[in-house]
4 protein chains.
Amino acid sequence: MKPMEPALEKRDAILATALVLFCERGFFGTPTSLISREAGVATGTLFFYFPTKEDLIDTLYRQVKGEAAAALKAGVENEPSVKQKLCRVWENAIAWAAENPAKFRFMEQFAHSPFVSSTAHEEGMSHFLFLLDLVRDGIREGIIRDYDPILLCSLLAASLSGLTPRILAEKDPEKKEFLTRQGLTFLWNGLAAGPGAKEPCASLERTIKKKRSPRP
Amino acid sequence: MKPMEPALEKRDAILATALVLFCERGFFGTPTSLISREAGVATGTLFFYFPTKEDLIDTLYRQVKGEAAAALKAGVENEPSVKQKLCRVWENAIAWAAENPAKFRFMEQFAHSPFVSSTAHEEGMSHFLFLLDLVRDGIREGIIRDYDPILLCSLLAASLSGLTPRILAEKDPEKKEFLTRQGLTFLWNGLAAGPGAKEPCASLERTIKKKRSPRP
Amino acid sequence: MKPMEPALEKRDAILATALVLFCERGFFGTPTSLISREAGVATGTLFFYFPTKEDLIDTLYRQVKGEAAAALKAGVENEPSVKQKLCRVWENAIAWAAENPAKFRFMEQFAHSPFVSSTAHEEGMSHFLFLLDLVRDGIREGIIRDYDPILLCSLLAASLSGLTPRILAEKDPEKKEFLTRQGLTFLWNGLAAGPGAKEPCASLERTIKKKRSPRP
Amino acid sequence: MKPMEPALEKRDAILATALVLFCERGFFGTPTSLISREAGVATGTLFFYFPTKEDLIDTLYRQVKGEAAAALKAGVENEPSVKQKLCRVWENAIAWAAENPAKFRFMEQFAHSPFVSSTAHEEGMSHFLFLLDLVRDGIREGIIRDYDPILLCSLLAASLSGLTPRILAEKDPEKKEFLTRQGLTFLWNGLAAGPGAKEPCASLERTIKKKRSPRP
DNA sequence: TATGAATGAGGCTTCATTCAT
DNA sequence: TATGAATGAAGCCTCATTCAT
């Protein structure tokens, strides 16, 4: 049962340690010296594998993003309908976040960080394009509102971001499940097209018009 | 009619400059020396008003949070119903973000930063407790789902976070309004209780149960 | 008798210390930390005045070059003939080197160093262009051989480089003067046009031709 | 007729690579890792042949110095007179520098480097002692000025240093030969004793005396 | 002989903060 | 109040060297 690539043990230790420390203390709050010490390697070793601290961050970001995307996709192919596919994605997402809280927080924290290179951001995005396709399929089938698909994806992701910390904070597994369910209902009703849809108040125009036309 | 505290001009310049720079470059990416230079004051002056960089961050955070909260509340008292109050809040929120993109980004970016003191975070939170009350009122009146109110608030905030960047990125004012409307519909349908509510798929239990009960 | 620009005391201490240390140990052999320690200032102070180690090197190089050029030029204007002007330059050069051995060695050592920026090198060169003019004047007047003037300048400088270390090594002032005199005679006979000129052996062509034409 | 020490191929590759890199980038600007990479060997291999970086430098320095000395001596024995011997040396020197510009620059650059061990410097010097003998012979025969022989050797070497870069920079072979000729004439007239010798101006004493005897 | 991952001391530089003016 | 030169701890990274294979 020996490691397949023994030489990469240290590299992996560095990545794993960095993940935890970055979450706890942020990129800047985590000196490379701390990472290497906690990982049980010499300072030089870190720079042998990652020429730059930024490089380490990038690599980690890509890896976590890729992992997350793979988790979200798991089993989606086998679901018969768009609705079920989407539910599966959401369930996968929450389950993954619950099982990988550190990785989840890492993604949240650095999704907009200027210290993740833009190419890494783009590569990260690309893994989630299947979601956009799914939303488009739903719109085409008429089960999702005919809204800007990018906006809907963005709302979907945001809802997940809002939901997960609440779930991670909850210890009682029953309540956990309960909250998950509530979150899903929120999402689905927000997205779903159909007869029961409700209208929000129509006051918006006033507010905006006020700015430009001081007279009705 | 001269200003009452002319001496605070420099203090204000520092705060305003810091806001912009923190947004563009993050807390760590922004040396105090840069802030003072851009604000047109000496390095010592910054530390006269804010004994510590953390202090400056905290002060700024509180100020922006307070401003945002005030903006959200504007005119809410005068709305007759809970629904209309909530709509007003949302409209206010989007309008404020649209008019204060830097401040909005600042809040987003540092909402979870470990470098904002926890007391500042708590104080920031406190300004938004009226929202929790509003949601509770809505639940009591039966127009909002009877879900965990904190969760609903959190989803509300998250939706806003998802919506706003999309709106800020849009130049065409017509489309801006359009997207705003779509976001609101998403939100309201996610929150609103009532006969038309839809059920998401019921598959979740399987996934979660599998992990804990190895039983058939 | 207080210093005129008290604020620059530390800057000057850094430059003076750096000059000595660079001569003794080279650029790379001299850590900035050593310079600041020996100069009696904090590490940060060095970087307050010189943003970069390279910057310090450059500044020093320019300063020393400028000083040397000024020393060489001293009193040259007042000399009546080209020959006397040149002698004056040579005397000035040797006297300056004798009085500023550290600066002289600094120039020697770093004249070709890749760590002096090329703009600094150019600027350094520019101070010595008057020499080229002098040589050209001498050629025009027929008292200097009609050779490539740049080559002659270069030989002049090289002779100085060869002469000075020998003089610096000599303690006895009589012998010092003696050696100086010998060096000047070597130079002047090397440069001077006129009836007494001697021809070196004419064998050069053989050597070079041999390489290309294996047969006469 | 296979090579006698095939195992030394790597050693030679290291030396050859180091020579080039040291010239281009200096000792400190050239990490051992770069040398081994460019030489196509492992980092460890370099340290197998040269226990220390300094050792590599030293070895290289000795080798190049030895090679240069051998080149200068070539054919000198067969020349009939001192004058012809010296001319031969000069020609040899210029030819060698022209054919081995990298090695020449290496010698120039590190002739005074504190990172070449003093024993290596001494050994290097020793190869050139025949020149001193030659100059002494010339003096004894009365064809070279009766000056300090070490000084003359030093001026000879310096003239070469001043001449060679100029020649290396010249592309046109005709001009190359021309410049070489001019350099030789400069040298020979500088060295040669005889009736045509010219006197430089006699002003030196003034300058130097002024410093010591304030007397009229 | 040859390899290259691993080491860790040490170098350059940044920056929050102080303090004499 | 306001200044900005001065400080020095701490960060990122380099690189000569070692050693298990």
# chains A, B, ... in the order shown; residues from 1 in each chain; ligands from 1
call {"tool": "interface_residues", "arguments": {"of": "chain E", "to": "chain D", "cutoff": "10 Å", "atoms": "only C-alpha atoms (C1' of nucleotides)", "output": "list in words"}}
result
DT1, DA2, DT3 and DG4 of chain E
call {"tool": "residues_around", "arguments": {"residues": "stretch 57-69 of chain A", "least_positions_apart": "5", "cutoff": "10 Å", "atoms": "only C-alpha atoms (C1' of nucleotides)", "output": "short mmCIF file (atom, residue, chain, number, x, y, z; two decimals) with N, CA and C atoms, in the first residue's frame"}}
result
data_model
loop_
_atom_site.label_atom_id
_atom_site.label_comp_id
_atom_site.auth_asym_id
_atom_site.auth_seq_id
_atom_site.Cartn_x
_atom_site.Cartn_y
_atom_site.Cartn_z
N ILE A 14 1.98 20.14 1.42
CA ILE A 14 1.98 21.60 1.33
C ILE A 14 0.61 22.11 0.91
N LEU A 15 0.06 21.48 -0.13
CA LEU A 15 -1.25 21.92 -0.61
C LEU A 15 -2.31 21.79 0.48
N ALA A 16 -2.29 20.65 1.15
CA ALA A 16 -3.32 20.41 2.17
C ALA A 16 -3.19 21.42 3.31
N ALA A 18 -1.75 24.35 3.21
CA ALA A 18 -2.06 25.70 2.73
C ALA A 18 -3.57 25.92 2.71
N LEU A 19 -4.29 24.92 2.26
CA LEU A 19 -5.75 25.05 2.18
C LEU A 19 -6.32 25.45 3.53
N PHE A 22 -4.98 29.01 4.73
CA PHE A 22 -5.54 30.12 3.97
C PHE A 22 -6.97 30.40 4.43
N PHE A 27 -4.91 34.77 2.63
CA PHE A 27 -3.65 34.63 1.90
C PHE A 27 -2.53 35.40 2.59
N PHE A 50 6.44 25.07 -5.79
CA PHE A 50 5.65 26.21 -6.25
C PHE A 50 6.56 27.43 -6.29
N THR A 52 6.34 30.32 -6.59
CA THR A 52 5.87 31.57 -6.01
C THR A 52 4.71 31.28 -5.07
N ALA A 74 -21.60 14.91 -10.32
CA ALA A 74 -21.72 13.46 -10.09
C ALA A 74 -23.15 12.96 -10.23
N VAL A 89 -27.77 18.53 -8.75
CA VAL A 89 -26.64 19.46 -8.61
C VAL A 89 -26.66 20.13 -7.25
N ASN A 92 -25.82 17.71 -4.53
CA ASN A 92 -24.38 17.47 -4.59
C ASN A 92 -23.58 18.62 -3.98
N ALA A 93 -24.01 19.80 -4.34
CA ALA A 93 -23.27 20.97 -3.87
C ALA A 93 -23.29 21.05 -2.36
N TRP A 96 -21.29 18.27 -0.79
CA TRP A 96 -19.84 18.48 -0.92
C TRP A 96 -19.37 19.53 0.07
N ALA A 97 -20.12 20.62 0.15
CA ALA A 97 -19.74 21.68 1.08
C ALA A 97 -19.75 21.15 2.51
N ASN A 100 -16.71 19.03 2.88
CA ASN A 100 -15.43 19.72 2.66
C ASN A 100 -15.53 21.19 3.05
N LYS A 103 -12.60 23.45 2.10
CA LYS A 103 -12.50 23.76 0.68
C LYS A 103 -13.61 24.73 0.25
N PHE A 104 -14.78 24.52 0.83
CA PHE A 104 -15.87 25.42 0.49
C PHE A 104 -15.54 26.85 0.90
N PHE A 106 -12.69 28.10 1.38
CA PHE A 106 -11.61 28.57 0.53
C PHE A 106 -12.15 29.18 -0.76
N MET A 107 -13.05 28.47 -1.39
CA MET A 107 -13.62 28.97 -2.64
C MET A 107 -14.37 30.27 -2.43
N PHE A 110 -12.02 33.28 -1.77
CA PHE A 110 -11.09 33.75 -2.79
C PHE A 110 -11.69 33.84 -4.18
N ALA A 111 -13.02 33.66 -4.22
CA ALA A 111 -13.69 33.72 -5.52
C ALA A 111 -13.43 35.07 -6.18
N PHE A 115 -5.81 38.08 -5.85
CA PHE A 115 -4.55 37.35 -5.78
C PHE A 115 -4.63 35.98 -6.42
N VAL A 116 -5.82 35.67 -6.90
CA VAL A 116 -5.93 34.51 -7.76
C VAL A 116 -5.81 35.05 -9.17
N SER A 117 -4.95 34.47 -9.96
CA SER A 117 -4.72 35.00 -11.31
C SER A 117 -6.01 34.91 -12.12
N SER A 118 -6.13 35.78 -13.10
CA SER A 118 -7.36 35.78 -13.87
C SER A 118 -7.48 34.51 -14.71
N THR A 119 -6.36 33.96 -15.14
CA THR A 119 -6.48 32.71 -15.90
C THR A 119 -7.01 31.60 -15.00
N ALA A 120 -6.60 31.60 -13.75
CA ALA A 120 -7.12 30.58 -12.84
C ALA A 120 -8.61 30.80 -12.64
N HIS A 121 -9.00 32.07 -12.54
CA HIS A 121 -10.43 32.35 -12.38
C HIS A 121 -11.22 31.84 -13.59
N GLU A 122 -10.67 32.12 -14.75
CA GLU A 122 -11.37 31.68 -15.96
C GLU A 122 -11.45 30.17 -16.03
N GLU A 123 -10.32 29.54 -15.74
CA GLU A 123 -10.34 28.08 -15.77
C GLU A 123 -11.36 27.55 -14.77
N GLY A 124 -11.40 28.17 -13.61
CA GLY A 124 -12.37 27.77 -12.59
C GLY A 124 -13.78 27.89 -13.11
N MET A 125 -14.07 29.05 -13.71
CA MET A 125 -15.40 29.27 -14.28
C MET A 125 -15.78 28.17 -15.26
N SER A 126 -14.81 27.85 -16.12
CA SER A 126 -15.13 26.95 -17.23
C SER A 126 -15.71 25.62 -16.76
N HIS A 127 -15.31 25.23 -15.55
CA HIS A 127 -15.83 23.95 -15.05
C HIS A 127 -17.32 24.00 -14.76
N PHE A 128 -17.84 25.18 -14.64
CA PHE A 128 -19.23 25.29 -14.23
C PHE A 128 -20.16 25.68 -15.38
N LEU A 129 -19.60 25.66 -16.58
CA LEU A 129 -20.43 26.04 -17.71
C LEU A 129 -21.58 25.07 -17.96
N PHE A 130 -21.40 23.84 -17.50
CA PHE A 130 -22.49 22.87 -17.71
C PHE A 130 -23.76 23.35 -17.01
N LEU A 131 -23.58 24.13 -15.94
CA LEU A 131 -24.74 24.65 -15.23
C LEU A 131 -25.54 25.61 -16.11
#
call {"tool": "residues_around", "arguments": {"residues": "F:DC19", "least_positions_apart": "2", "cutoff": "10 Å", "atoms": "only C-alpha atoms (C1' of nucleotides)", "output": "PyMOL selection string"}}
result
(chain D and resi 44) or (chain E and resi 5-6) or (chain F and resi 21)
call {"tool": "interface_residues", "arguments": {"of": "chain F", "to": "chain C", "cutoff": "9 Å", "atoms": "only C-alpha atoms (C1' of nucleotides)", "output": "list in words"}}
result
DA5, DA6, DT7 and DG8 of chain F
call {"tool": "write_last_selection", "arguments": {"atoms": "N, CA and C atoms (P, O5', C5', C4', C3', O3' and C1' of nucleotides)", "output": "PDB file, in the first residue's frame"}}
result
ATOM      1  P    DA F   5      11.246  62.784   4.365  1.00  0.00           P
ATOM      2  O5'  DA F   5      12.524  62.425   5.241  1.00  0.00           O
ATOM      3  C5'  DA F   5      12.985  63.357   6.205  1.00  0.00           C
ATOM      4  C4'  DA F   5      13.488  62.642   7.444  1.00  0.00           C
ATOM      5  C3'  DA F   5      14.428  61.471   7.184  1.00  0.00           C
ATOM      6  O3'  DA F   5      15.377  61.488   8.234  1.00  0.00           O
ATOM      7  C1'  DA F   5      12.535  60.684   8.359  1.00  0.00           C
ATOM      8  P    DA F   6      16.557  60.423   8.213  1.00  0.00           P
ATOM      9  O5'  DA F   6      15.986  59.268   9.148  1.00  0.00           O
ATOM     10  C5'  DA F   6      15.876  59.535  10.546  1.00  0.00           C
ATOM     11  C4'  DA F   6      15.303  58.324  11.225  1.00  0.00           C
ATOM     12  C3'  DA F   6      16.009  57.003  10.912  1.00  0.00           C
ATOM     13  O3'  DA F   6      16.599  56.524  12.110  1.00  0.00           O
ATOM     14  C1'  DA F   6      13.638  56.775  10.840  1.00  0.00           C
ATOM     15  P    DT F   7      17.349  55.170  12.104  1.00  0.00           P
ATOM     16  O5'  DT F   7      16.226  54.140  12.528  1.00  0.00           O
ATOM     17  C5'  DT F   7      15.548  54.336  13.768  1.00  0.00           C
ATOM     18  C4'  DT F   7      14.485  53.283  13.938  1.00  0.00           C
ATOM     19  C3'  DT F   7      14.986  51.846  13.763  1.00  0.00           C
ATOM     20  O3'  DT F   7      14.896  51.176  15.003  1.00  0.00           O
ATOM     21  C1'  DT F   7      12.907  52.198  12.646  1.00  0.00           C
ATOM     22  P    DG F   8      15.989  50.150  15.421  1.00  0.00           P
ATOM     23  O5'  DG F   8      15.225  48.792  15.061  1.00  0.00           O
ATOM     24  C5'  DG F   8      13.953  48.530  15.648  1.00  0.00           C
ATOM     25  C4'  DG F   8      13.283  47.378  14.912  1.00  0.00           C
ATOM     26  C3'  DG F   8      14.224  46.219  14.532  1.00  0.00           C
ATOM     27  O3'  DG F   8      13.471  45.010  14.550  1.00  0.00           O
ATOM     28  C1'  DG F   8      13.247  47.017  12.616  1.00  0.00           C
TER      29       DG F   8
END
call {"tool": "atom_distance", "arguments": {"atom1": "atom CA of D:Thr164", "atom2": "atom CA of D:Glu199"}}
result
27.5 Å
call {"tool": "closest_residue", "arguments": {"among": "A:Arg136, A:Gly142, A:Phe28, A:Pro80", "to": "chain B", "atoms": "only C-alpha atoms"}}
result
A:Phe28
call {"tool": "residues_around", "arguments": {"residues": "D:Leu184", "least_positions_apart": "6", "cutoff": "9 Å", "atoms": "only C-alpha atoms (C1' of nucleotides)", "output": "ChimeraX atom specification"}}
result
/C:199-200 /D:87,90-91
call {"tool": "select_by_dssp", "arguments": {"residues": "stretch 6-215 of chain C", "states": "alpha helix (DSSP H)", "output": "MDAnalysis selection string"}}
result
chainID C and resid 9:25 32:39 43:49 53:73 82:99 101:110 118:126 129:141 149:169 173:191 204:212
call {"tool": "closest_atom_pairs", "arguments": {"of": "chain C", "to": "chain D", "cutoff": "7 Å", "atoms": "only C-alpha atoms", "output": "tab-separated table"}}
result
residue	atom	partner	partner_atom	distance
C:Arg25	CA	D:Pro114	CA	6.7
C:Phe28	CA	D:Phe28	CA	6.5
C:Gln84	CA	D:Cys201	CA	6.3
C:Cys87	CA	D:Cys201	CA	6.3
C:Glu91	CA	D:Leu204	CA	6.3
C:Tyr147	CA	D:Gln182	CA	6.7
C:Leu151	CA	D:Arg166	CA	6.8
C:Ser154	CA	D:Gly162	CA	5.5
C:Leu155	CA	D:Gly162	CA	5.2
C:Ala158	CA	D:Gly162	CA	5.1
C:Ser159	CA	D:Ala158	CA	5.8
C:Ser161	CA	D:Ala158	CA	6.8
C:Gly162	CA	D:Ala158	CA	5.1
C:Leu163	CA	D:Leu155	CA	6.5
C:Arg166	CA	D:Leu151	CA	6.8
C:Gln182	CA	D:Tyr147	CA	6.7
C:Leu184	CA	D:Pro200	CA	6.7
C:Thr185	CA	D:Pro200	CA	6.0
C:Phe186	CA	D:Gly190	CA	4.1
C:Leu187	CA	D:Gly190	CA	5.9
C:Trp188	CA	D:Pro200	CA	6.0
C:Asn189	CA	D:Gly190	CA	4.9
C:Gly190	CA	D:Phe186	CA	4.1
C:Leu191	CA	D:Phe186	CA	6.2
C:Gly196	CA	D:Gly196	CA	3.6
C:Ala197	CA	D:Gly196	CA	6.4
C:Lys198	CA	D:Asn189	CA	6.0
C:Glu199	CA	D:Thr185	CA	6.5
C:Pro200	CA	D:Thr185	CA	6.0
C:Cys201	CA	D:Cys87	CA	6.3
C:Leu204	CA	D:Glu91	CA	6.4
call {"tool": "write_last_selection", "arguments": {"atoms": "C-alpha atoms", "output": "tab-separated table (two decimals), in the first residue's frame"}}
result
chain	number	residue	atom	x	y	z
C	25	ARG	CA	33.89	42.74	-0.98
C	28	PHE	CA	27.31	40.71	-4.12
C	84	GLN	CA	50.11	70.61	-21.41
C	87	CYS	CA	49.75	66.29	-18.94
C	91	GLU	CA	48.63	64.42	-13.25
C	147	TYR	CA	45.11	57.07	-34.93
C	151	LEU	CA	41.33	53.82	-29.32
C	154	SER	CA	40.93	53.85	-24.35
C	155	LEU	CA	44.69	53.24	-24.22
C	158	ALA	CA	44.02	51.63	-19.64
C	159	SER	CA	47.50	52.94	-18.98
C	161	SER	CA	44.57	51.63	-14.77
C	162	GLY	CA	47.83	49.79	-15.09
C	163	LEU	CA	49.84	52.52	-13.47
C	166	ARG	CA	51.46	50.09	-8.75
C	182	GLN	CA	57.80	56.70	-15.75
C	184	LEU	CA	53.77	59.49	-18.05
C	185	THR	CA	56.77	59.00	-20.23
C	186	PHE	CA	55.39	55.66	-21.38
C	187	LEU	CA	52.10	57.29	-22.24
C	188	TRP	CA	53.43	60.33	-23.96
C	189	ASN	CA	55.79	58.36	-26.14
C	190	GLY	CA	52.96	55.99	-26.97
C	191	LEU	CA	50.74	58.83	-28.06
C	196	GLY	CA	61.57	59.92	-33.25
C	197	ALA	CA	58.75	57.40	-33.56
C	198	LYS	CA	59.82	53.79	-33.75
C	199	GLU	CA	58.35	50.97	-35.73
C	200	PRO	CA	57.43	47.70	-34.08
C	201	CYS	CA	58.24	44.49	-35.92
C	204	LEU	CA	51.78	40.60	-37.75
call {"tool": "residues_around", "arguments": {"residues": "E:DC12", "least_positions_apart": "2", "cutoff": "12 Å", "atoms": "only C-alpha atoms (C1' of nucleotides)", "output": "PyMOL selection string"}}
result
(chain C and resi 28+30-33+43-44+46-47+51-54) or (chain E and resi 10+14) or (chain F and resi 11-14)
call {"tool": "write_last_selection", "arguments": {"atoms": "C-alpha atoms (C1' of nucleotides)", "output": "compact mmCIF listing (two decimals), in the first residue's frame"}}
result
# COMPACT_ATOMS: atom_id res chain seq x y z
CA PHE C 28 27.31 40.71 -4.12
CA THR C 30 28.13 43.12 0.52
CA PRO C 31 24.65 42.59 1.95
CA THR C 32 22.55 45.67 2.41
CA SER C 33 22.21 44.67 6.03
CA THR C 43 17.82 48.52 7.44
CA GLY C 44 14.76 50.46 6.49
CA LEU C 46 18.81 52.45 3.50
CA PHE C 47 15.72 51.65 1.49
CA PRO C 51 14.61 52.10 -3.22
CA THR C 52 16.83 49.28 -4.37
CA LYS C 53 20.30 47.98 -3.80
CA GLU C 54 20.88 48.51 -7.50
C1' DG E 10 20.64 34.35 4.47
C1' DT E 14 8.08 46.09 2.67
C1' DG F 11 7.92 38.42 4.57
C1' DC F 12 9.19 36.16 0.11
C1' DC F 13 12.43 33.98 -2.20
C1' DT F 14 17.41 32.18 -3.72
call {"tool": "atom_distance", "arguments": {"atom1": "atom CA of B:Pro101", "atom2": "atom CA of A:Arg105"}}
result
24.6 Å
call {"tool": "atom_distance", "arguments": {"atom1": "atom C1' of E:DT21", "atom2": "atom C1' of F:DT1"}}
result
12.7 Å
